[in-house]
file query.txt (compact mmCIF, C-alpha atoms)
# COMPACT_ATOMS: atom_id res chain seq x y z
CA GLU A 1 121.18 112.25 118.62
CA LEU A 2 119.02 110.24 116.28
CA LEU A 3 116.49 113.04 115.77
CA GLU A 4 119.23 115.52 114.95
CA SER A 5 120.40 113.30 112.08
CA LYS A 6 116.96 113.37 110.42
CA GLU A 7 116.72 116.48 108.29
CA GLY A 8 113.23 117.98 108.19
CA PHE A 9 112.02 115.46 110.77
CA THR A 10 109.81 116.53 113.67
CA LEU A 11 108.60 114.34 116.50
CA GLU A 12 105.14 115.58 117.47
CA LEU A 13 103.87 114.38 120.86
CA TYR A 14 100.28 114.85 122.02
CA THR A 15 100.18 113.82 125.64
CA LYS A 16 99.58 114.69 129.26
CA CYS A 17 101.74 111.93 130.67
CA ASP A 18 103.51 111.68 134.01
CA CYS A 19 106.89 111.89 132.25
CA MET A 20 106.41 115.46 131.00
CA ASP A 21 109.56 116.74 132.75
CA MET A 22 111.67 114.18 130.90
CA LEU A 23 110.00 115.00 127.56
CA LEU A 24 110.56 118.72 128.08
CA GLU A 25 114.27 118.03 128.73
CA TYR A 26 114.47 116.08 125.46
CA GLN A 27 112.61 118.86 123.68
CA LYS A 28 115.05 121.47 124.97
CA ALA A 29 118.05 119.35 123.96
CA ALA A 30 116.65 118.66 120.50
CA ASP A 31 115.87 122.32 119.83
CA LYS A 32 112.92 122.40 117.38
CA THR A 33 112.94 118.71 116.46
CA ILE A 34 110.40 117.78 119.15
CA SER A 35 106.99 119.40 119.49
CA ILE A 36 104.93 118.67 122.61
CA SER A 37 101.24 119.51 122.90
CA GLY A 38 98.44 118.38 125.15
CA PHE A 39 95.48 116.37 124.00
CA ILE A 40 93.75 117.43 120.80
CA PRO A 41 90.29 116.50 119.45
CA HIS A 42 90.09 113.02 117.92
CA SER A 43 89.25 114.47 114.48
CA LYS A 44 92.42 116.54 114.51
CA MET A 45 94.44 113.59 115.80
CA LYS A 46 93.11 111.43 112.95
CA SER A 47 94.44 113.98 110.48
CA LYS A 48 97.83 114.07 112.25
CA ILE A 49 98.02 110.26 112.17
CA ASP A 50 97.10 110.18 108.47
CA ASP A 51 99.93 112.62 107.72
CA ALA A 52 102.53 110.83 109.86
CA TYR A 53 105.27 108.63 108.46
CA MET A 54 105.63 106.73 111.73
CA LEU A 55 103.72 106.65 115.02
CA VAL A 56 105.20 106.76 118.52
CA ASN A 57 103.66 105.32 121.65
CA ILE A 58 104.94 105.73 125.19
CA GLY A 59 104.17 102.69 127.31
CA ASN A 60 102.23 102.47 130.53
CA LYS A 61 103.76 101.43 133.82
CA GLY A 62 101.60 99.48 136.23
CA MET A 63 98.50 99.44 134.02
CA LYS A 64 96.79 96.19 133.11
CA MET A 65 94.37 97.88 130.71
CA VAL A 66 95.40 98.13 127.06
CA PRO A 67 94.78 101.61 125.64
CA ALA A 68 92.37 101.60 122.67
CA LYS A 69 94.77 103.90 120.82
CA ILE A 70 97.09 100.91 120.30
CA PHE A 71 94.49 99.20 118.12
CA GLU A 72 93.71 102.42 116.30
CA MET A 73 97.42 102.94 115.64
CA MET A 74 97.82 99.41 114.29
CA SER A 75 94.79 99.83 112.04
CA THR A 76 96.69 102.51 110.11
CA MET A 77 99.29 99.98 108.89
CA LYS A 78 101.95 102.54 109.76
CA PRO A 79 105.18 101.74 111.56
CA ILE A 80 104.96 102.17 115.34
CA ILE A 81 107.77 102.81 117.77
CA HIS A 82 106.80 101.83 121.30
CA PHE A 83 108.85 102.94 124.30
CA TYR A 84 108.46 100.77 127.38
CA HIS A 85 110.11 100.38 130.75
CA ASP A 86 109.38 96.81 131.81
CA GLU A 87 107.89 93.57 130.54
CA ASP A 88 104.62 94.25 132.40
CA ASP A 89 103.67 96.95 129.87
CA SER A 90 100.14 96.01 128.77
CA CYS A 91 100.77 97.10 125.18
CA LEU A 92 103.60 94.64 124.52
CA THR A 93 101.38 91.58 124.11
CA TYR A 94 99.61 93.21 121.19
CA LEU A 95 102.42 95.21 119.62
CA ARG A 96 104.64 92.12 119.46
CA LYS A 97 102.03 90.63 117.11
CA TYR A 98 102.14 93.70 114.88
CA PRO A 99 104.87 93.26 112.24
CA LEU A 100 105.38 97.01 111.83
CA ALA A 101 106.27 97.70 115.47
CA CYS A 102 109.62 98.41 117.07
CA MET A 103 109.74 98.05 120.84
CA ILE A 104 112.34 100.22 122.53
CA ASN A 105 113.19 99.18 126.08
CA GLU A 106 114.09 102.31 128.06
CA THR A 107 116.34 100.27 130.37
CA LYS A 108 118.68 99.31 127.49
CA SER A 109 121.59 101.48 126.43
CA VAL A 110 120.98 104.40 124.09
CA ASN A 111 123.35 102.87 121.53
CA ASP A 112 121.50 99.54 121.61
CA ASN A 113 118.17 101.30 121.11
CA ILE A 114 119.48 103.49 118.30
CA GLN A 115 120.80 100.39 116.55
CA LYS A 116 117.46 98.63 117.04
CA TYR A 117 115.63 101.62 115.57
CA LEU A 118 117.98 101.91 112.59
CA GLU A 119 117.50 98.21 111.78
CA PHE A 120 113.73 98.68 112.08
CA GLU A 121 113.78 101.72 109.82
CA GLU A 122 115.80 99.80 107.22
CA ARG A 123 113.33 96.89 107.38
CA ILE A 124 110.42 99.31 106.91
CA LYS A 125 112.09 100.84 103.84
CA GLN A 126 112.36 97.37 102.28
CA ILE A 127 108.62 96.66 102.47
CA SER A 128 107.10 96.52 99.02
CA LYS A 129 103.48 96.93 97.96
CA ASN A 130 103.33 93.15 97.58
CA ASP A 131 104.32 92.75 101.24
CA ILE A 132 101.40 94.90 102.43
CA GLU A 133 98.76 92.25 101.70
CA THR A 134 100.82 89.63 103.54
CA ILE A 135 101.22 91.98 106.50
CA GLN A 136 97.48 92.75 106.52
CA ASN A 137 96.66 89.03 106.52
CA SER A 138 99.09 88.36 109.37
CA ILE A 139 97.45 91.15 111.39
CA ILE A 140 93.96 89.78 110.71
CA ASN A 141 95.09 86.33 111.86
CA ALA A 142 97.00 87.62 114.90
CA PHE A 143 94.03 89.65 116.13
CA ALA A 144 91.14 87.37 115.15
CA LEU A 145 90.05 87.07 118.80
CA ASN A 146 90.05 90.86 119.23
CA THR A 147 87.50 91.68 116.57
CA PRO A 148 83.88 92.75 117.00
CA ARG A 149 82.94 89.84 114.72
CA TYR A 150 84.48 87.32 117.13
CA THR A 151 82.77 88.98 120.11
CA ALA A 152 79.42 88.95 118.31
CA GLU A 153 79.86 85.22 117.52
CA VAL A 154 80.59 84.45 121.17
CA ILE A 155 77.52 86.41 122.30
CA GLU A 156 75.38 84.70 119.68
CA LYS A 157 76.53 81.22 120.81
CA ASN A 158 75.80 82.01 124.45
CA VAL A 159 72.38 83.56 124.02
call {"tool": "encode", "arguments": {"input": "query.txt", "output": "structure tokens"}}
result
Amino acid sequence: ELLESKEGFTLELYTKCDCMDMLLEYQKAADKTISISGFIPHSKMKSKIDDAYMLVNIGNKGMKMVPAKIFEMMSTMKPIIHFYHDEDDSCLTYLRKYPLACMINETKSVNDNIQKYLEFEERIKQISKNDIETIQNSIINAFALNTPRYTAEVIEKNV
């Protein structure tokens, strides 16, 4: 429903996930609003990400490892919509620190999730150029322990 209301909007998915049947059903229902492809080379993906208005991530069930793509997505300073099924999703810890993320819980009602997205989209539209520096600083502070610099300092202290 939400995709149909967005004129000229296409949701492009590049995945080989275990929920492909569900995605194909959504694609069929949305006509040409959803495009699903398999994996593409990183260089091509970088170009797709650069051109995107917003990024979408589908959560991981039963995985403790955090996918590196989450950090790459956050580094773009683009809004991210993250779909998750339960609170054990390994991405939530990090995306909750990212001020440009909207977490959509698949177990909530469609209407609740649409409302959550619409509020998120409105908040994103209100961000000014002055807000960007504040957001960047909050990200740097939130992820200080996840940087190569921090890791190098820990190694240096322990050597």
call {"tool": "axis_aligned_box", "arguments": {"input": "query.txt", "around": "segment 137-151 of chain A", "padding_each_side": "6 Å", "output": "lines of an AutoDock Vina configuration file"}}
result
center_x = 90.9
center_y = 89.5
center_z = 113.3
size_x = 28.3
size_y = 18.4
size_z = 25.6
call {"tool": "closest_residue", "arguments": {"input": "query.txt", "among": "A:Ala29, A:Cys91, A:Ile36, A:Met77", "to": "Thr134 of chain A", "atoms": "all atoms listed in the file"}}
result
A:Met77
call {"tool": "closest_residue", "arguments": {"input": "query.txt", "among": "A:Leu13, A:Leu55, A:Leu100, A:Met73", "to": "Ile40 of chain A", "atoms": "all atoms listed in the file"}}
result
A:Leu13
call {"tool": "atom_distance", "arguments": {"input": "query.txt", "atom1": "atom CA of Tyr84 of chain A", "atom2": "atom CA of Ser37 of chain A"}}
result
20.6 Å
call {"tool": "closest_residue", "arguments": {"input": "query.txt", "among": "A:Ile140, A:Leu24, A:Ala30, A:Ile124", "to": "Phe71 of chain A", "atoms": "only C-alpha atoms"}}
result
A:Ile140
call {"tool": "atom_distance", "arguments": {"input": "query.txt", "atom1": "atom CA of Ile127 of chain A", "atom2": "atom CA of Ile58 of chain A"}}
result
24.7 Å
call {"tool": "build_atoms", "arguments": {"input": "query.txt", "residues": "segment 70-81 of chain A", "atoms": "all heavy atoms", "output": "short mmCIF file (atom, residue, chain, number, x, y, z; two decimals), in the coordinates of the input"}}
result
data_model
loop_
_atom_site.label_atom_id
_atom_site.label_comp_id
_atom_site.auth_asym_id
_atom_site.auth_seq_id
_atom_site.Cartn_x
_atom_site.Cartn_y
_atom_site.Cartn_z
N ILE A 70 96.18 101.90 120.87
CA ILE A 70 97.09 100.91 120.30
C ILE A 70 96.45 100.25 119.08
O ILE A 70 97.06 100.10 118.03
CB ILE A 70 97.50 99.85 121.35
CG1 ILE A 70 98.38 100.47 122.41
CG2 ILE A 70 98.17 98.65 120.71
CD1 ILE A 70 99.68 101.03 121.88
N PHE A 71 95.19 99.86 119.22
CA PHE A 71 94.49 99.20 118.12
C PHE A 71 94.23 100.18 116.98
O PHE A 71 94.33 99.81 115.81
CB PHE A 71 93.20 98.55 118.63
CG PHE A 71 93.48 97.50 119.65
CD1 PHE A 71 93.28 97.76 121.00
CD2 PHE A 71 93.98 96.26 119.29
CE1 PHE A 71 93.56 96.79 121.96
CE2 PHE A 71 94.27 95.29 120.23
CZ PHE A 71 94.06 95.56 121.57
N GLU A 72 93.92 101.40 117.33
CA GLU A 72 93.71 102.42 116.30
C GLU A 72 95.02 102.68 115.55
O GLU A 72 95.02 102.81 114.32
CB GLU A 72 93.18 103.71 116.92
CG GLU A 72 92.75 104.72 115.90
CD GLU A 72 91.97 105.87 116.49
OE1 GLU A 72 91.76 105.93 117.72
OE2 GLU A 72 91.57 106.74 115.70
N MET A 73 96.12 102.73 116.28
CA MET A 73 97.42 102.94 115.64
C MET A 73 97.75 101.79 114.69
O MET A 73 98.20 102.01 113.57
CB MET A 73 98.52 103.11 116.69
CG MET A 73 98.39 104.40 117.49
SD MET A 73 99.50 104.44 118.91
CE MET A 73 101.00 105.04 118.14
N MET A 74 97.52 100.56 115.14
CA MET A 74 97.82 99.41 114.29
C MET A 74 96.93 99.37 113.06
O MET A 74 97.36 98.92 111.99
CB MET A 74 97.69 98.11 115.09
CG MET A 74 98.79 97.92 116.10
SD MET A 74 98.77 96.32 116.92
CE MET A 74 97.33 96.45 117.97
N SER A 75 95.71 99.86 113.18
CA SER A 75 94.79 99.83 112.04
C SER A 75 95.25 100.72 110.89
O SER A 75 94.80 100.56 109.77
CB SER A 75 93.38 100.23 112.48
OG SER A 75 93.30 101.62 112.71
N THR A 76 96.18 101.62 111.16
CA THR A 76 96.69 102.51 110.11
C THR A 76 97.69 101.83 109.19
O THR A 76 98.01 102.36 108.14
CB THR A 76 97.39 103.74 110.73
OG1 THR A 76 98.59 103.32 111.38
CG2 THR A 76 96.48 104.50 111.67
N MET A 77 98.23 100.69 109.63
CA MET A 77 99.29 99.98 108.89
C MET A 77 100.56 100.84 108.77
O MET A 77 101.33 100.69 107.85
CB MET A 77 98.81 99.56 107.50
CG MET A 77 97.76 98.49 107.50
SD MET A 77 98.41 96.88 107.98
CE MET A 77 99.59 96.61 106.69
N LYS A 78 100.74 101.73 109.73
CA LYS A 78 101.95 102.54 109.76
C LYS A 78 102.92 101.95 110.77
O LYS A 78 102.51 101.31 111.74
CB LYS A 78 101.62 103.98 110.15
CG LYS A 78 100.82 104.70 109.09
CD LYS A 78 100.66 106.16 109.41
CE LYS A 78 99.83 106.79 108.31
NZ LYS A 78 100.49 107.89 107.69
N PRO A 79 104.21 102.19 110.57
CA PRO A 79 105.18 101.74 111.56
C PRO A 79 104.94 102.42 112.91
O PRO A 79 104.54 103.59 112.96
CB PRO A 79 106.53 102.19 110.98
CG PRO A 79 106.27 102.43 109.54
CD PRO A 79 104.83 102.84 109.43
N ILE A 80 105.14 101.66 113.99
CA ILE A 80 104.96 102.17 115.34
C ILE A 80 106.23 101.92 116.14
O ILE A 80 106.76 100.81 116.14
CB ILE A 80 103.78 101.46 116.06
CG1 ILE A 80 102.47 101.69 115.32
CG2 ILE A 80 103.67 101.93 117.52
CD1 ILE A 80 101.31 100.85 115.83
N ILE A 81 106.68 102.96 116.82
CA ILE A 81 107.77 102.81 117.77
C ILE A 81 107.15 102.90 119.15
O ILE A 81 106.45 103.87 119.47
CB ILE A 81 108.84 103.90 117.61
CG1 ILE A 81 109.43 103.83 116.22
CG2 ILE A 81 109.92 103.75 118.67
CD1 ILE A 81 110.40 104.92 115.91
#
